[in-house]
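**Q** Pasting a structure here, questions to come.
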Amino acid sequence: MGLGFTIDTPIKVARFGIDSVVSIMEDDLIESMRKIHCRKSGEPYLPIAKDVDDARAKRITAYLNLMDKLVKEQINSLKTTSFDRSDSDLHLYFQMLPENHQLHRLYQKMLQLTGRERQQTELALMKAIVPGKIDVNIMTKVDRLSYDEEDKPLPREFSAALSSLRGFANSNLQSSVVFSAGMNPALFSYLESFGDFYPDEKGHIKKGVVLKVSDYRSALIQGKFLAKKGIWVREFRIESGLNCGGHAFATDGFLMGPILEEFKTKRNSLNEEIFNMCQSVLVAKGKNLLKEGSKIRITAQGGIGTANENRFLLDYYELDGTGWGSPFLMVPEATCVDDHTLDRLIKARKSDFYLSHSSPLGVPFNNLRTSSGEEQRKQRIEKNRPGSPCYKKVLSSNTEFTKTPICTASRQYQNLKLRQIKDQKLDDKIFGQRSNEVTEKDCLCEGLGASGILTHGEMPARNLKAVTICPGPNLAYFKGIYRLKEMVDHIYGKKTIQLEQDRPYFFIKELQLYMDYFKKELNSYKESPLPKLESYLNKFRENLSNGIAYYKDLLIYKINVSEKVIDLIKAELEEAAEYLRELNSESSAV
């Protein structure tokens with residue numbers, strides 16, 4: 001969800017019992033949001049300046065504590081509201097629950113009651129109200145070192161990711177940190193420094209760990225790494241490699257269905273191995289033990305668009321939950337997307353949602369061609385001033401030209417790199433390709449955070465108001481602005497949002513994305529046929545072929561959809577198989 005789009009989502013939705021995740025990687029944005037919400041809520045605001053000792057961690061702690069306080073106040077207010085007002089948030093809390101939820105059923109029963117029996121039922125419902133979790137996200141790859149005034153690196157614990165973790169660990173929250181983008185040994189080891197990540201005397205863990213993973217092997221490796229430190233993984237969150245928003249981490253052709261099948265088959269052994277390992281370490285450390293029978297939650301996200309798809313994941317793969325991200329960008333009651341960007345999203349064609357190389361991290365990044373951020377990037381190139389002014393330096397990691405790391409999206413780096421390319425006297429075609437590779441990088445620190453400020457009627461610092469947005473491909477099929485209840489009802493199948501008619505089944509859409517990705521990788525191999533890349537492509541192709549075979553066996557027999565949809569899925573699978581055969585012929589010719 002980028003930096004700014006869910007930066008204050010808990011203040012908007014937690015009172016309804018909805019969990020959400022806040023990125024805590026950009027402390028300037030966090031400090032700006034704390035100032036805004038202090039003013040709106042009447043809370044005193046004491047600035048934490050950039051040059052204060054451990055400013056990043058302190059800013060994060062202060063903001064998380066503010067959100068925690070505001071949400072608790074909302075819950076207290078909810079519990080003192082009367083059921084007499086049918087349009088109140090109190091009614092909405094229970095109305096948005098799934099129809100098979102016991103509290104939803106109790107609520108429906110309460111509406112039919114009168115007198116003392118109704119009063120007792122109302123009290124029972126009030127007592128059951130709990131806020132949604134305020135979870136935080138740390139992208140493990142965003143972990144630049146911090147420097148003092150003399151450009152000397154500070155100790156490791158002051159790096160971006162470690163200081164962000166410290167900010168969360170020192171907060172009042174009882175929630176989880178979500179680690180995404182793979183394993184960071186230094187960051188994972190730093191968890192040992194904070195007691196809240198270990199069980200208390202009752203086996204309860206105040207602050208949990210959630211790992212975003214792409215496959216079973218990744219979950220096992222990271223889970224065991226943490227267990228060897230006595231750190232329990234609360235949840236493995238499986239995300240589609242390509243059918244997702246933000247940065248995309250493509251697997252080696254492994255598709256979502258086969259990945260989930262492996263988790264379904266091996267989840268008990270996975271849980272047992274990690275649990276036993278973790279308990280042994282806790283004993284050796286003299287710490288409290290986990291509760292007997294502790295279970296790791298297994299959830300999935302990426303490209304889900306209908307209640308039918310959602311239910312299939314939960315039922316067939318026996319998941320503990322699913323995640324919906326990009327569709328909520330169209331829900332102003334839940335996220336911070338400015339009106340201009342919302343309009344661009346609604347009018348965007350499917351081809352406007354694309355996998356770009358805009359990220360300075362060097363990881364493929366889902367982007368919108370028509371965003372104001374993309375317009376600004378191109379305008380700067382046209383004015384012969386490529387690159388961005390780099391004030392926040394969150395993604396500064398390149399030392400090709402400088403001793404202190406700089407960002408590849410910065411004006412400083414791009415000028416130096418373009419000059420180097422020009423001096424190489426390349427032919428026009430190669431020069432154009434190399435130049436485009438340089439100038440395609442964009443400033444995500446400013447672009448992904450701007451909308452959070454703009455939606456509150458404020459202007460970002462230095463008037464940098466261009467918005468970069470990173471929706472998943474699935475958003476191309478949602479063409480409207482929706483109410484929170486409308487989207488929640490759509491997820492649970494109470495009511496249906498009308499999607500674009502040509503939307504493929506979500507597993508098929510992911511397959512198509514992987515086929516396109518494979519073709520691009522194959523083209524790269526044609527230009528530079530390296531043995532290592534050949535081996536990678538063969539593995540990729542084999543996994544895709546196995547995935548198609550898996551879906552042929554699974555989807556046409558297991559999913560609960562109409563015959564028309566079944567026939568369409570069959571045709572799309574056969575089309576994908578034929579497309580892969582054609583690509584195989586191409587690669588064989590090479």
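Letters A, B, ... go to the chains of the structure tokens in the order shown; residues in each chain start at 1; ligands are counted from 1 in the same order.
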Report the closest atom pair, with its distance in Å rounded to one decimal, for each residue of segment 492-554 of chain A that has an atom no farther than 8 Å from segment 238-251 of chain A; count only C-alpha atoms, sort by chain and then rising residue number, and write it as CSV.
**A**
residue,atom,partner,partner_atom,distance
A:Lys509,CA,A:Asn243,CA,7.5
A:Glu510,CA,A:Asn243,CA,5.4
A:Leu513,CA,A:Leu242,CA,6.6
A:Tyr514,CA,A:Leu242,CA,7.1
**Q** Per DSSP on the backbone, what are the alpha helix (DSSP H) residues of segment 199-340 of chain A, as a PyMOL selection string?
**A** chain A and resi 216-227+256-285+307-316+339-340
**Q** If we count only C-alpha atoms and set the cut-off at 6 Å, which residues sit around segment 443-448 of chain A, ignoring sequence neighbours fewer than 2 positions away in its own chain? Please answer as a ChimeraX atom specification.
**A** /A:2-4,409,450,466-468
**Q** Kindly export the residues of the current selection with N, CA, C and O atoms, as a compact mmCIF listing (two decimals), in the first residue's frame.
**A**
# COMPACT_ATOMS: atom_id res chain seq x y z
N GLY A 2 2.13 1.13 -0.38
CA GLY A 2 2.97 2.32 -0.45
C GLY A 2 3.27 2.88 0.92
O GLY A 2 3.20 2.20 1.94
N LEU A 3 3.62 4.16 0.97
CA LEU A 3 3.95 4.80 2.24
C LEU A 3 2.77 5.54 2.83
O LEU A 3 2.47 5.43 4.02
N GLY A 4 2.07 6.31 1.99
CA GLY A 4 1.06 7.21 2.51
C GLY A 4 -0.38 6.75 2.40
O GLY A 4 -1.25 7.31 3.07
N ALA A 409 17.47 7.36 -8.05
CA ALA A 409 16.43 8.24 -8.62
C ALA A 409 16.79 9.71 -8.44
O ALA A 409 16.09 10.58 -8.96
N ALA A 450 3.01 11.52 -0.78
CA ALA A 450 2.33 12.81 -0.99
C ALA A 450 0.82 12.73 -0.77
O ALA A 450 0.21 13.63 -0.18
N ALA A 466 3.38 15.74 -6.50
CA ALA A 466 3.15 14.70 -7.50
C ALA A 466 3.00 13.35 -6.80
O ALA A 466 3.78 13.02 -5.91
N VAL A 467 2.02 12.58 -7.22
CA VAL A 467 1.70 11.31 -6.55
C VAL A 467 2.10 10.12 -7.42
O VAL A 467 1.74 10.04 -8.59
N THR A 468 2.87 9.22 -6.82
CA THR A 468 3.14 7.92 -7.43
C THR A 468 2.27 6.91 -6.71
O THR A 468 2.17 6.92 -5.49
**Q** Residues of segment 56-174 of chain A within 8 Å of segment 20-41 of chain A: nearest atom pair and distance (Å, one decimal) for each, counting only C-alpha atoms, sorted by chain and number, as a Markdown table?
**A**
| residue | atom | partner | partner_atom | distance |
| --- | --- | --- | --- | --- |
| A:Arg56 | CA | A:Asp27 | CA | 5.7 |
| A:Arg59 | CA | A:Glu31 | CA | 6.1 |
| A:Ile60 | CA | A:Asp27 | CA | 6.6 |
| A:Ala62 | CA | A:Arg34 | CA | 7.8 |
| A:Tyr63 | CA | A:Arg34 | CA | 5.5 |
| A:Leu66 | CA | A:Arg34 | CA | 7.4 |
| A:Gly132 | CA | A:Ser20 | CA | 7.2 |
| A:Lys133 | CA | A:Ser20 | CA | 6.4 |
| A:Ile134 | CA | A:Ser20 | CA | 5.9 |
| A:Asp135 | CA | A:Val21 | CA | 4.6 |
| A:Val136 | CA | A:Val22 | CA | 4.6 |
| A:Asn137 | CA | A:Ser23 | CA | 4.7 |
| A:Ile138 | CA | A:Met25 | CA | 6.3 |
| A:Met139 | CA | A:Met25 | CA | 7.5 |
| A:Val142 | CA | A:Met25 | CA | 7.7 |
| A:Ala160 | CA | A:Met25 | CA | 7.1 |
| A:Ala161 | CA | A:Met25 | CA | 7.2 |
| A:Ser164 | CA | A:Ile24 | CA | 6.4 |
**Q** Given the selection you just returned, output its residues as a file containing all heavy atoms, formatted as a compact mmCIF listing (two decimals), in the first residue's frame.
**A**
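Everything below was put into again_14.txt:
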# COMPACT_ATOMS: atom_id res chain seq x y z
N ARG A 56 14.32 9.07 14.41
CA ARG A 56 13.47 8.19 13.60
C ARG A 56 12.61 7.28 14.48
O ARG A 56 11.39 7.21 14.33
CB ARG A 56 14.34 7.35 12.67
CG ARG A 56 13.57 6.43 11.73
CD ARG A 56 14.55 5.54 10.96
NE ARG A 56 13.84 4.75 9.97
CZ ARG A 56 13.53 5.14 8.75
NH1 ARG A 56 13.85 6.37 8.36
NH2 ARG A 56 12.91 4.35 7.91
N ARG A 59 10.04 9.32 16.60
CA ARG A 59 8.91 9.79 15.80
C ARG A 59 7.90 8.66 15.57
O ARG A 59 6.69 8.86 15.67
CB ARG A 59 9.41 10.31 14.44
CG ARG A 59 10.09 11.66 14.49
CD ARG A 59 10.66 12.03 13.13
NE ARG A 59 10.89 13.46 13.01
CZ ARG A 59 11.22 14.07 11.88
NH1 ARG A 59 11.37 13.36 10.76
NH2 ARG A 59 11.40 15.38 11.85
N ILE A 60 8.42 7.49 15.25
CA ILE A 60 7.55 6.34 15.00
C ILE A 60 6.78 5.96 16.26
O ILE A 60 5.57 5.74 16.23
CB ILE A 60 8.38 5.15 14.47
CG1 ILE A 60 8.89 5.46 13.05
CG2 ILE A 60 7.57 3.86 14.47
CD1 ILE A 60 9.95 4.52 12.53
N ALA A 62 6.02 7.84 18.81
CA ALA A 62 5.04 8.88 19.14
C ALA A 62 3.79 8.77 18.27
O ALA A 62 2.66 8.91 18.77
CB ALA A 62 5.67 10.26 18.99
N TYR A 63 3.97 8.50 16.99
CA TYR A 63 2.82 8.41 16.09
C TYR A 63 1.99 7.16 16.38
O TYR A 63 0.75 7.21 16.41
CB TYR A 63 3.28 8.42 14.64
CG TYR A 63 2.15 8.38 13.64
CD1 TYR A 63 1.14 9.35 13.66
CD2 TYR A 63 2.06 7.36 12.69
CE1 TYR A 63 0.09 9.31 12.75
CE2 TYR A 63 1.02 7.32 11.77
CZ TYR A 63 0.03 8.30 11.82
OH TYR A 63 -1.01 8.25 10.92
N LEU A 66 -0.01 7.69 19.41
CA LEU A 66 -1.14 8.59 19.14
C LEU A 66 -2.28 7.81 18.50
O LEU A 66 -3.45 7.93 18.92
CB LEU A 66 -0.70 9.73 18.23
CG LEU A 66 -1.84 10.66 17.75
CD1 LEU A 66 -2.44 11.43 18.92
CD2 LEU A 66 -1.33 11.62 16.67
N GLY A 132 -9.71 -3.23 15.63
CA GLY A 132 -8.82 -3.91 14.71
C GLY A 132 -7.38 -3.64 15.10
O GLY A 132 -7.07 -2.63 15.75
N LYS A 133 -6.50 -4.53 14.73
CA LYS A 133 -5.08 -4.40 15.06
C LYS A 133 -4.43 -3.28 14.23
O LYS A 133 -4.73 -3.09 13.06
CB LYS A 133 -4.36 -5.70 14.79
CG LYS A 133 -4.74 -6.84 15.73
CD LYS A 133 -4.12 -6.66 17.10
CE LYS A 133 -4.22 -7.93 17.94
NZ LYS A 133 -5.58 -8.38 18.19
N ILE A 134 -3.51 -2.56 14.88
CA ILE A 134 -2.68 -1.57 14.18
C ILE A 134 -1.33 -2.22 13.92
O ILE A 134 -0.39 -2.11 14.71
CB ILE A 134 -2.51 -0.28 15.01
CG1 ILE A 134 -3.88 0.30 15.39
CG2 ILE A 134 -1.68 0.75 14.23
CD1 ILE A 134 -3.79 1.50 16.34
N ASP A 135 -1.25 -2.99 12.85
CA ASP A 135 0.01 -3.64 12.49
C ASP A 135 0.90 -2.65 11.72
O ASP A 135 0.41 -1.66 11.16
CB ASP A 135 -0.24 -4.88 11.65
CG ASP A 135 -0.92 -6.00 12.44
OD1 ASP A 135 -0.78 -6.02 13.68
OD2 ASP A 135 -1.61 -6.83 11.83
N VAL A 136 2.19 -2.94 11.69
CA VAL A 136 3.13 -2.07 10.98
C VAL A 136 3.93 -2.90 9.99
O VAL A 136 4.09 -4.11 10.15
CB VAL A 136 4.08 -1.35 11.96
CG1 VAL A 136 3.30 -0.55 12.98
CG2 VAL A 136 5.02 -2.33 12.66
N ASN A 137 4.42 -2.25 8.95
CA ASN A 137 5.21 -2.93 7.93
C ASN A 137 6.61 -2.35 7.86
O ASN A 137 6.80 -1.13 7.87
CB ASN A 137 4.56 -2.81 6.55
CG ASN A 137 5.45 -3.36 5.44
OD1 ASN A 137 6.03 -2.60 4.67
ND2 ASN A 137 5.59 -4.66 5.37
N ILE A 138 7.58 -3.25 7.81
CA ILE A 138 8.97 -2.86 7.55
C ILE A 138 9.44 -3.65 6.34
O ILE A 138 9.45 -4.88 6.35
CB ILE A 138 9.88 -3.15 8.76
CG1 ILE A 138 9.48 -2.28 9.95
CG2 ILE A 138 11.35 -2.90 8.40
CD1 ILE A 138 10.28 -2.55 11.21
N MET A 139 9.79 -2.93 5.28
CA MET A 139 10.34 -3.58 4.10
C MET A 139 11.82 -3.84 4.36
O MET A 139 12.61 -2.90 4.50
CB MET A 139 10.15 -2.70 2.86
CG MET A 139 10.46 -3.42 1.57
SD MET A 139 10.03 -2.41 0.13
CE MET A 139 10.52 -3.52 -1.20
N VAL A 142 14.79 -2.03 2.72
CA VAL A 142 15.00 -0.60 2.95
C VAL A 142 15.72 -0.45 4.29
O VAL A 142 15.10 -0.26 5.34
CB VAL A 142 13.67 0.17 2.95
CG1 VAL A 142 13.91 1.67 3.12
CG2 VAL A 142 12.91 -0.10 1.66
N ALA A 160 17.95 2.24 8.92
CA ALA A 160 16.53 2.55 8.69
C ALA A 160 15.60 1.48 9.25
O ALA A 160 14.65 1.77 9.98
CB ALA A 160 16.28 2.72 7.19
N ALA A 161 15.87 0.21 8.93
CA ALA A 161 14.96 -0.86 9.36
C ALA A 161 15.05 -1.11 10.86
O ALA A 161 14.03 -1.30 11.53
CB ALA A 161 15.26 -2.14 8.58
N SER A 164 13.39 1.64 12.80
CA SER A 164 11.94 1.53 12.64
C SER A 164 11.38 0.45 13.58
O SER A 164 10.35 0.64 14.22
CB SER A 164 11.58 1.19 11.20
OG SER A 164 11.93 2.25 10.32
**Q** A:Asn474, A:Asp320, A:Ile559, A:Leu454: which is nearest Cys336 of chain A, counting only C-alpha atoms?
**A**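 Once distances to Cys336 of chain A are computed over only C-alpha atoms, the minimum belongs to A:Leu454.
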**Q** Which is closest to Pro473 of chain A among A:Ile304, A:Met67, A:Ala181, A:Met330, if we use only C-alpha atoms?
**A**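 Closest residue, counting only C-alpha atoms: A:Ile304.
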**Q** Neighbours of Phe263 of chain A within 10 Å (only C-alpha atoms; same-chain residues fewer than 3 positions away dropped), as a CSV table (one decimal) with C-alpha atoms, in the first residue's frame?
**A**
chain,number,residue,atom,x,y,z
A,215,ASP,CA,6.6,-19.8,-1.2
A,216,TYR,CA,6.9,-22.7,1.4
A,217,ARG,CA,10.7,-22.9,1.3
A,219,ALA,CA,8.6,-19.6,5.0
A,236,PHE,CA,2.9,-16.5,7.3
A,238,ILE,CA,1.6,-15.7,1.3
A,258,PRO,CA,0.6,-24.9,-6.3
A,259,ILE,CA,2.3,-22.8,-3.6
A,260,LEU,CA,-0.9,-22.8,-1.4
A,266,LYS,CA,2.8,-29.4,5.0
A,267,ARG,CA,1.4,-26.8,7.4
A,268,ASN,CA,1.2,-29.3,10.4
A,269,SER,CA,4.8,-30.4,10.0
A,270,LEU,CA,5.9,-26.8,9.5
A,298,ILE,CA,-1.5,-19.1,7.2
A,317,TYR,CA,-6.7,-24.3,1.1
A,318,GLU,CA,-8.0,-24.1,4.7
A,319,LEU,CA,-6.5,-20.7,5.2
**Q** Using only C-alpha atoms, which residue out of A:Lys570, A:Lys152, A:Lys212, A:Arg380 lies closest to Glu235 of chain A?
**A**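 Comparing A:Lys570, A:Lys152, A:Lys212, A:Arg380 against Glu235 of chain A, the winner is A:Lys212.
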**Q** Within segment 88-187 of chain A, find each residue whose DSSP state, derived from the backbone, is strand (DSSP E or B), and express the selection as a list in words.
**A**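 Strand (DSSP E or B) members of segment 88-187 of chain A, listed: Ile134, Asp135, Val136, Asn137, Ile138, Met139, Tyr147, Pro153, Ser176, Val177, Val178, Phe179 and Ser180 of chain A.
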**Q** Please produce a file of the residues just selected, as a compact mmCIF listing (two decimals), in the first residue's frame, where the atoms kept are N, CA, C and O atoms.
**A**
# COMPACT_ATOMS: atom_id res chain seq x y z
N ILE A 134 -3.51 -2.56 14.88
CA ILE A 134 -2.68 -1.57 14.18
C ILE A 134 -1.33 -2.22 13.92
O ILE A 134 -0.39 -2.11 14.71
N ASP A 135 -1.25 -2.99 12.85
CA ASP A 135 0.01 -3.64 12.49
C ASP A 135 0.90 -2.65 11.72
O ASP A 135 0.41 -1.66 11.16
N VAL A 136 2.19 -2.94 11.69
CA VAL A 136 3.13 -2.07 10.98
C VAL A 136 3.93 -2.90 9.99
O VAL A 136 4.09 -4.11 10.15
N ASN A 137 4.42 -2.25 8.95
CA ASN A 137 5.21 -2.93 7.93
C ASN A 137 6.61 -2.35 7.86
O ASN A 137 6.80 -1.13 7.87
N ILE A 138 7.58 -3.25 7.81
CA ILE A 138 8.97 -2.86 7.55
C ILE A 138 9.44 -3.65 6.34
O ILE A 138 9.45 -4.88 6.35
N MET A 139 9.79 -2.93 5.28
CA MET A 139 10.34 -3.58 4.10
C MET A 139 11.82 -3.84 4.36
O MET A 139 12.61 -2.90 4.50
N TYR A 147 23.98 8.36 9.00
CA TYR A 147 25.28 9.02 9.08
C TYR A 147 25.20 10.25 9.97
O TYR A 147 24.14 10.89 10.08
N PRO A 153 29.31 6.73 9.33
CA PRO A 153 28.17 5.85 9.61
C PRO A 153 27.95 5.67 11.11
O PRO A 153 28.91 5.48 11.87
N SER A 176 1.34 -6.56 15.50
CA SER A 176 2.42 -7.29 14.84
C SER A 176 3.21 -6.39 13.90
O SER A 176 2.69 -5.42 13.37
N VAL A 177 4.46 -6.78 13.71
CA VAL A 177 5.27 -6.17 12.66
C VAL A 177 5.28 -7.13 11.49
O VAL A 177 5.48 -8.34 11.65
N VAL A 178 4.99 -6.60 10.30
CA VAL A 178 4.99 -7.41 9.07
C VAL A 178 6.29 -7.15 8.35
O VAL A 178 6.56 -6.03 7.92
N PHE A 179 7.11 -8.18 8.22
CA PHE A 179 8.36 -8.07 7.47
C PHE A 179 8.11 -8.53 6.04
O PHE A 179 7.64 -9.64 5.80
N SER A 180 8.44 -7.67 5.08
CA SER A 180 8.26 -8.01 3.67
C SER A 180 9.59 -7.88 2.94
O SER A 180 10.50 -7.20 3.40
**Q** Name all residues at most 10 Å from Asp489 of chain A (count only C-alpha atoms; drop same-chain ones fewer than 2 positions away) and give them as a list in words.
**A** Gln95, Met96, Leu97, Pro98, Glu99, Ala307, Arg483, Leu484, Lys485, Glu486, Met487, Ile491, Tyr492, Gly493, Lys494, Lys495, Thr496 and Ile497 of chain A
**Q** What is the distance between atom CA of Leu533 of chain A and atom CA of Lys519 of chain A, in Å to one decimal?
**A**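 Those two atoms sit 13.0 Å apart.
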**Q** What's around Leu355 of chain A at 8 Å? Count only C-alpha atoms, leave out sequence neighbours fewer than 4 positions away in its own chain, and write the answer as a PDB file with all heavy atoms, in the first residue's frame.
**A**
ATOM      1  N   PRO A 364      11.250  -4.982  -9.519  1.00  0.00           N
ATOM      2  CA  PRO A 364      10.086  -4.575 -10.325  1.00  0.00           C
ATOM      3  C   PRO A 364       9.000  -3.964  -9.449  1.00  0.00           C
ATOM      4  O   PRO A 364       8.741  -4.430  -8.330  1.00  0.00           O
ATOM      5  CB  PRO A 364       9.619  -5.894 -10.958  1.00  0.00           C
ATOM      6  CG  PRO A 364      10.854  -6.729 -11.022  1.00  0.00           C
ATOM      7  CD  PRO A 364      11.642  -6.378  -9.793  1.00  0.00           C
ATOM      8  N   PHE A 365       8.363  -2.922  -9.985  1.00  0.00           N
ATOM      9  CA  PHE A 365       7.456  -2.100  -9.183  1.00  0.00           C
ATOM     10  C   PHE A 365       6.172  -1.838  -9.961  1.00  0.00           C
ATOM     11  O   PHE A 365       6.212  -1.323 -11.079  1.00  0.00           O
ATOM     12  CB  PHE A 365       8.162  -0.778  -8.858  1.00  0.00           C
ATOM     13  CG  PHE A 365       7.348   0.211  -8.075  1.00  0.00           C
ATOM     14  CD1 PHE A 365       7.149   0.054  -6.717  1.00  0.00           C
ATOM     15  CD2 PHE A 365       6.800   1.326  -8.700  1.00  0.00           C
ATOM     16  CE1 PHE A 365       6.408   0.984  -5.988  1.00  0.00           C
ATOM     17  CE2 PHE A 365       6.066   2.261  -7.991  1.00  0.00           C
ATOM     18  CZ  PHE A 365       5.869   2.083  -6.627  1.00  0.00           C
ATOM     19  N   ASN A 366       5.026  -2.229  -9.386  1.00  0.00           N
ATOM     20  CA  ASN A 366       3.751  -1.965 -10.051  1.00  0.00           C
ATOM     21  C   ASN A 366       3.465  -0.477 -10.071  1.00  0.00           C
ATOM     22  O   ASN A 366       3.560   0.194  -9.038  1.00  0.00           O
ATOM     23  CB  ASN A 366       2.634  -2.715  -9.319  1.00  0.00           C
ATOM     24  CG  ASN A 366       2.595  -4.167  -9.721  1.00  0.00           C
ATOM     25  OD1 ASN A 366       2.285  -4.506 -10.860  1.00  0.00           O
ATOM     26  ND2 ASN A 366       2.943  -5.054  -8.791  1.00  0.00           N
ATOM     27  N   ASN A 367       3.084   0.025 -11.244  1.00  0.00           N
ATOM     28  CA  ASN A 367       2.984   1.471 -11.426  1.00  0.00           C
ATOM     29  C   ASN A 367       1.741   1.812 -12.249  1.00  0.00           C
ATOM     30  O   ASN A 367       1.111   0.952 -12.849  1.00  0.00           O
ATOM     31  CB  ASN A 367       4.239   1.975 -12.155  1.00  0.00           C
ATOM     32  CG  ASN A 367       4.619   3.381 -11.741  1.00  0.00           C
ATOM     33  OD1 ASN A 367       3.775   4.151 -11.288  1.00  0.00           O
ATOM     34  ND2 ASN A 367       5.886   3.729 -11.902  1.00  0.00           N
TER      35      ASN A 367
END
